[in-house]
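Student: Below you'll find the structure I mean.
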Amino acid sequence: MDQPRAAGYQSAVPGRPSCVYTSCYCEENVWKLCEYIRSYDQYPLEEFYAVFISNERKMIPLWKQQSGRGDEPVIWDYHVVLLHVSSGDQNFIYDLDTVLPFPCPFHTYIEEAFKSDDVLLPEFRRKVRLVRADLFLKTFASDRSHMKDASGCWQKPPPSYPCIETEDTKMNLDDFISMNPMVGWGSVFLLPDFVDRYSRKS
């Protein structure tokens, strides 16, 4: 399943089993993909974007997730994937939590994992914050406190490597998850606008 359906496209990262991955830490998984792309230099880092998916209610359905059951969607408070705006005929999504190919052609991921907001109640409609990979690597920080319960215990085991931090902060994850365009980095889109912008090469 890890071979994309587009002939000639070379993945920017190793196969899924060789990627740095921690379940339920999608934002850090994508950060690590960006870090690999920066160090390996197969493609310009500026072609890649961290894609934060959420909404005001922090309830977004995604299909074709490994934690899903059958054709039922998983309802996340947020999810993060990596977008490659390729110089080829189509763009690609890297999602380490999907059962779809890794990487996955953009149109396939949209059809299979996002489906359409038209079939959803308004409170489940998705928004997207798009942050260029080089900016994401410079600005993102997480002390993983969002993954601890009221008594300070881990809800899910954390990654084995140290927390990601910058000179300025140890925690700004909420700014990335927020779909308020006045907050944080990058650009915020309604899902249909994001799809229109990146589904076809202009």
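Residue numbering restarts at 1 in every chain; chains get A, B, ... in the order shown in the structure tokens, and ligands count up from 1 in that same order.
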Which residues are near range 158-173 of chain A? Cut-off 12 Å, only C-alpha atoms, ignore same chain within fewer than 3 positions. Put them as a PyMOL selection string.
Tutor: chain A and resi 20-29+31-32+35+52+78-80+135-148+153-155+176-178+183-185
Student: If you run DSSP on the backbone, which residues of chain A are strand (DSSP E or B), as a VMD selection string?
Tutor: chain A and resid 48 to 54 60 to 62 65 74 to 76 79 to 84 92 to 94 98 104 to 105 127 to 132 142 148 154 164 187 to 190
Student: Using only C-alpha atoms, find the one residue out of A:Glu123, A:Asp149, A:Asp71, A:Asp196 that sits nearest to Arg57 in chain A.
Tutor: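 Result for the nearest residue to Arg57 in chain A: A:Glu123.
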Student: Hey, can you check how far CA of Pro44 in chain A sits from CA of Lys127 in chain A?
Tutor: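 Separation of CA of Pro44 in chain A and CA of Lys127 in chain A: 26.2 Å.
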Student: Pick out the closest residue to Leu83 in chain A from this set: A:Asp175, A:Asp95, A:Glu112, A:Asp118. Count only C-alpha atoms.
Tutor: A:Asp95
Student: Write down as a PyMOL selection string the residues of range 21-100 of chain A whose backbone DSSP state falls under alpha helix (DSSP H).
Tutor: chain A and resi 26-40
Student: Can you work out which one of A:Thr98, A:Gln42, A:Asn91, A:Ser86 has the shortest atom-to-atom distance to Ser67 in chain A, counting only C-alpha atoms?
Tutor: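 For Ser67 in chain A, the nearest of the given residues is A:Thr98.
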Student: Kindly give the distance, in Å, that separates CA of Tyr198 in chain A and CA of Glu47 in chain A, rounded to a single decimal.
Tutor: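 Taking CA of Tyr198 in chain A and CA of Glu47 in chain A, their separation equals 12.1 Å.
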Student: So which one's closest to Pro101 in chain A, A:Gln66, A:Phe124, A:Asp89, A:Met59? Using only C-alpha atoms, please.
Tutor: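 Going through A:Gln66, A:Phe124, A:Asp89, A:Met59 one by one, the smallest distance to Pro101 in chain A is for A:Gln66.
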Student: Contacts of Lys58 in chain A at 6 Å or less, counting only C-alpha atoms, minus same-chain residues fewer than 3 places along, as a list of chain:residue names?
Tutor: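 In the requested form, the answer reads A:Ser54, A:Asn55, A:Asp77.
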Student: Those same residues, written as a PDB file, in the first residue's frame with all heavy atoms?
Tutor:
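Result file is part14.pdb:
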```pdb
ATOM      1  N   SER A  54      -9.003  21.002  11.534  1.00  0.00           N
ATOM      2  CA  SER A  54      -9.837  21.098  12.725  1.00  0.00           C
ATOM      3  C   SER A  54     -11.037  21.992  12.401  1.00  0.00           C
ATOM      4  O   SER A  54     -11.338  22.249  11.243  1.00  0.00           O
ATOM      5  CB  SER A  54      -9.029  21.656  13.911  1.00  0.00           C
ATOM      6  OG  SER A  54      -9.734  21.485  15.131  1.00  0.00           O
ATOM      7  N   ASN A  55     -11.729  22.431  13.433  1.00  0.00           N
ATOM      8  CA  ASN A  55     -12.792  23.438  13.295  1.00  0.00           C
ATOM      9  C   ASN A  55     -13.044  24.062  14.675  1.00  0.00           C
ATOM     10  O   ASN A  55     -12.376  23.713  15.652  1.00  0.00           O
ATOM     11  CB  ASN A  55     -14.078  22.847  12.678  1.00  0.00           C
ATOM     12  CG  ASN A  55     -14.642  21.683  13.478  1.00  0.00           C
ATOM     13  OD1 ASN A  55     -14.395  21.547  14.681  1.00  0.00           O
ATOM     14  ND2 ASN A  55     -15.413  20.833  12.817  1.00  0.00           N
ATOM     15  N   ASP A  77     -10.274  15.657  17.326  1.00  0.00           N
ATOM     16  CA  ASP A  77     -10.335  17.088  17.638  1.00  0.00           C
ATOM     17  C   ASP A  77      -9.498  17.861  16.625  1.00  0.00           C
ATOM     18  O   ASP A  77      -9.821  18.989  16.261  1.00  0.00           O
ATOM     19  CB  ASP A  77      -9.900  17.372  19.078  1.00  0.00           C
ATOM     20  CG  ASP A  77      -8.568  16.730  19.451  1.00  0.00           C
ATOM     21  OD1 ASP A  77      -8.048  15.907  18.677  1.00  0.00           O
ATOM     22  OD2 ASP A  77      -8.056  17.040  20.542  1.00  0.00           O
TER      23      ASP A  77
END
```
Student: Excluding Leu62 in chain A and its own-chain neighbours fewer than 5 positions away, which residues fall within 9 Å of it when counting only C-alpha atoms? Please give them as a VMD selection string.
Tutor: chain A and resid 68 72 to 76 79 112 to 115
Student: Now that the selection is made, can you save its residues with all heavy atoms as a JSON list (two decimals), in the first residue's frame?
Tutor:
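The resulting again-v3.json:
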```json
[["chain", "number", "residue", "atom", "x", "y", "z"],
["A", 68, "GLY", "N", -9.92, 3.59, 12.60],
["A", 68, "GLY", "CA", -11.34, 3.51, 12.26],
["A", 68, "GLY", "C", -11.83, 2.07, 12.17],
["A", 68, "GLY", "O", -11.03, 1.13, 12.18],
["A", 72, "GLU", "N", -16.77, 3.52, 8.86],
["A", 72, "GLU", "CA", -17.11, 4.60, 9.78],
["A", 72, "GLU", "C", -15.94, 5.59, 9.91],
["A", 72, "GLU", "O", -14.78, 5.18, 9.97],
["A", 72, "GLU", "CB", -17.44, 4.04, 11.17],
["A", 72, "GLU", "CG", -18.71, 3.20, 11.21],
["A", 72, "GLU", "CD", -19.93, 4.02, 10.85],
["A", 72, "GLU", "OE1", -20.10, 5.11, 11.41],
["A", 72, "GLU", "OE2", -20.71, 3.56, 9.99],
["A", 73, "PRO", "N", -16.24, 6.88, 9.98],
["A", 73, "PRO", "CA", -15.15, 7.84, 10.17],
["A", 73, "PRO", "C", -14.67, 7.87, 11.62],
["A", 73, "PRO", "O", -15.38, 7.44, 12.53],
["A", 73, "PRO", "CB", -15.80, 9.17, 9.80],
["A", 73, "PRO", "CG", -17.25, 8.99, 10.16],
["A", 73, "PRO", "CD", -17.55, 7.54, 9.87],
["A", 74, "VAL", "N", -13.47, 8.36, 11.81],
["A", 74, "VAL", "CA", -12.96, 8.68, 13.14],
["A", 74, "VAL", "C", -13.21, 10.16, 13.38],
["A", 74, "VAL", "O", -13.01, 10.98, 12.47],
["A", 74, "VAL", "CB", -11.45, 8.38, 13.24],
["A", 74, "VAL", "CG1", -10.90, 8.80, 14.60],
["A", 74, "VAL", "CG2", -11.18, 6.91, 12.99],
["A", 75, "ILE", "N", -13.69, 10.52, 14.56],
["A", 75, "ILE", "CA", -13.89, 11.93, 14.90],
["A", 75, "ILE", "C", -12.69, 12.39, 15.74],
["A", 75, "ILE", "O", -12.53, 11.99, 16.89],
["A", 75, "ILE", "CB", -15.20, 12.16, 15.68],
["A", 75, "ILE", "CG1", -16.39, 11.55, 14.94],
["A", 75, "ILE", "CG2", -15.41, 13.66, 15.93],
["A", 75, "ILE", "CD1", -16.68, 12.19, 13.60],
["A", 76, "TRP", "N", -11.84, 13.21, 15.13],
["A", 76, "TRP", "CA", -10.68, 13.76, 15.82],
["A", 76, "TRP", "C", -11.00, 15.18, 16.29],
["A", 76, "TRP", "O", -11.84, 15.86, 15.71],
["A", 76, "TRP", "CB", -9.47, 13.85, 14.89],
["A", 76, "TRP", "CG", -8.90, 12.59, 14.34],
["A", 76, "TRP", "CD1", -8.83, 12.23, 13.02],
["A", 76, "TRP", "CD2", -8.26, 11.52, 15.06],
["A", 76, "TRP", "NE1", -8.20, 11.02, 12.89],
["A", 76, "TRP", "CE2", -7.84, 10.57, 14.11],
["A", 76, "TRP", "CE3", -8.00, 11.30, 16.42],
["A", 76, "TRP", "CZ2", -7.17, 9.40, 14.48],
["A", 76, "TRP", "CZ3", -7.35, 10.13, 16.79],
["A", 76, "TRP", "CH2", -6.94, 9.20, 15.83],
["A", 79, "HIS", "N", -6.31, 16.88, 13.26],
["A", 79, "HIS", "CA", -5.38, 15.93, 12.66],
["A", 79, "HIS", "C", -4.38, 16.74, 11.85],
["A", 79, "HIS", "O", -4.67, 17.87, 11.44],
["A", 79, "HIS", "CB", -6.11, 14.91, 11.78],
["A", 79, "HIS", "CG", -5.23, 13.79, 11.31],
["A", 79, "HIS", "ND1", -4.43, 13.08, 12.18],
["A", 79, "HIS", "CD2", -5.01, 13.25, 10.07],
["A", 79, "HIS", "CE1", -3.76, 12.15, 11.49],
["A", 79, "HIS", "NE2", -4.09, 12.24, 10.22],
["A", 112, "GLU", "N", -11.29, 9.88, -0.54],
["A", 112, "GLU", "CA", -11.41, 8.73, 0.37],
["A", 112, "GLU", "C", -11.41, 9.13, 1.85],
["A", 112, "GLU", "O", -12.14, 8.54, 2.65],
["A", 112, "GLU", "CB", -10.27, 7.74, 0.09],
["A", 112, "GLU", "CG", -10.27, 7.16, -1.31],
["A", 112, "GLU", "CD", -11.32, 6.09, -1.50],
["A", 112, "GLU", "OE1", -11.72, 5.46, -0.50],
["A", 112, "GLU", "OE2", -11.75, 5.89, -2.65],
["A", 113, "ALA", "N", -10.54, 10.07, 2.22],
["A", 113, "ALA", "CA", -10.37, 10.41, 3.64],
["A", 113, "ALA", "C", -11.22, 11.60, 4.07],
["A", 113, "ALA", "O", -11.79, 11.61, 5.16],
["A", 113, "ALA", "CB", -8.89, 10.68, 3.94],
["A", 114, "PHE", "N", -11.30, 12.62, 3.22],
["A", 114, "PHE", "CA", -12.10, 13.81, 3.55],
["A", 114, "PHE", "C", -13.56, 13.66, 3.14],
["A", 114, "PHE", "O", -14.45, 14.16, 3.81],
["A", 114, "PHE", "CB", -11.52, 15.05, 2.85],
["A", 114, "PHE", "CG", -10.35, 15.67, 3.55],
["A", 114, "PHE", "CD1", -9.23, 16.04, 2.83],
["A", 114, "PHE", "CD2", -10.35, 15.89, 4.90],
["A", 114, "PHE", "CE1", -8.14, 16.64, 3.45],
["A", 114, "PHE", "CE2", -9.27, 16.48, 5.54],
["A", 114, "PHE", "CZ", -8.17, 16.84, 4.81],
["A", 115, "LYS", "N", -13.78, 13.00, 1.98],
["A", 115, "LYS", "CA", -15.10, 13.01, 1.35],
["A", 115, "LYS", "C", -15.53, 14.46, 1.15],
["A", 115, "LYS", "O", -14.70, 15.30, 0.81],
["A", 115, "LYS", "CB", -16.09, 12.17, 2.13],
["A", 115, "LYS", "CG", -15.65, 10.70, 2.26],
["A", 115, "LYS", "CD", -16.73, 9.82, 2.81],
["A", 115, "LYS", "CE", -16.25, 8.38, 2.97],
["A", 115, "LYS", "NZ", -16.06, 7.71, 1.69]]
```
Student: Can you tell me, as a count of residues only, what residues are no more than 10 Å from Pro192 in chain A when counting only C-alpha atoms, ignoring any on the same chain fewer than 6 positions away?
Tutor: 7
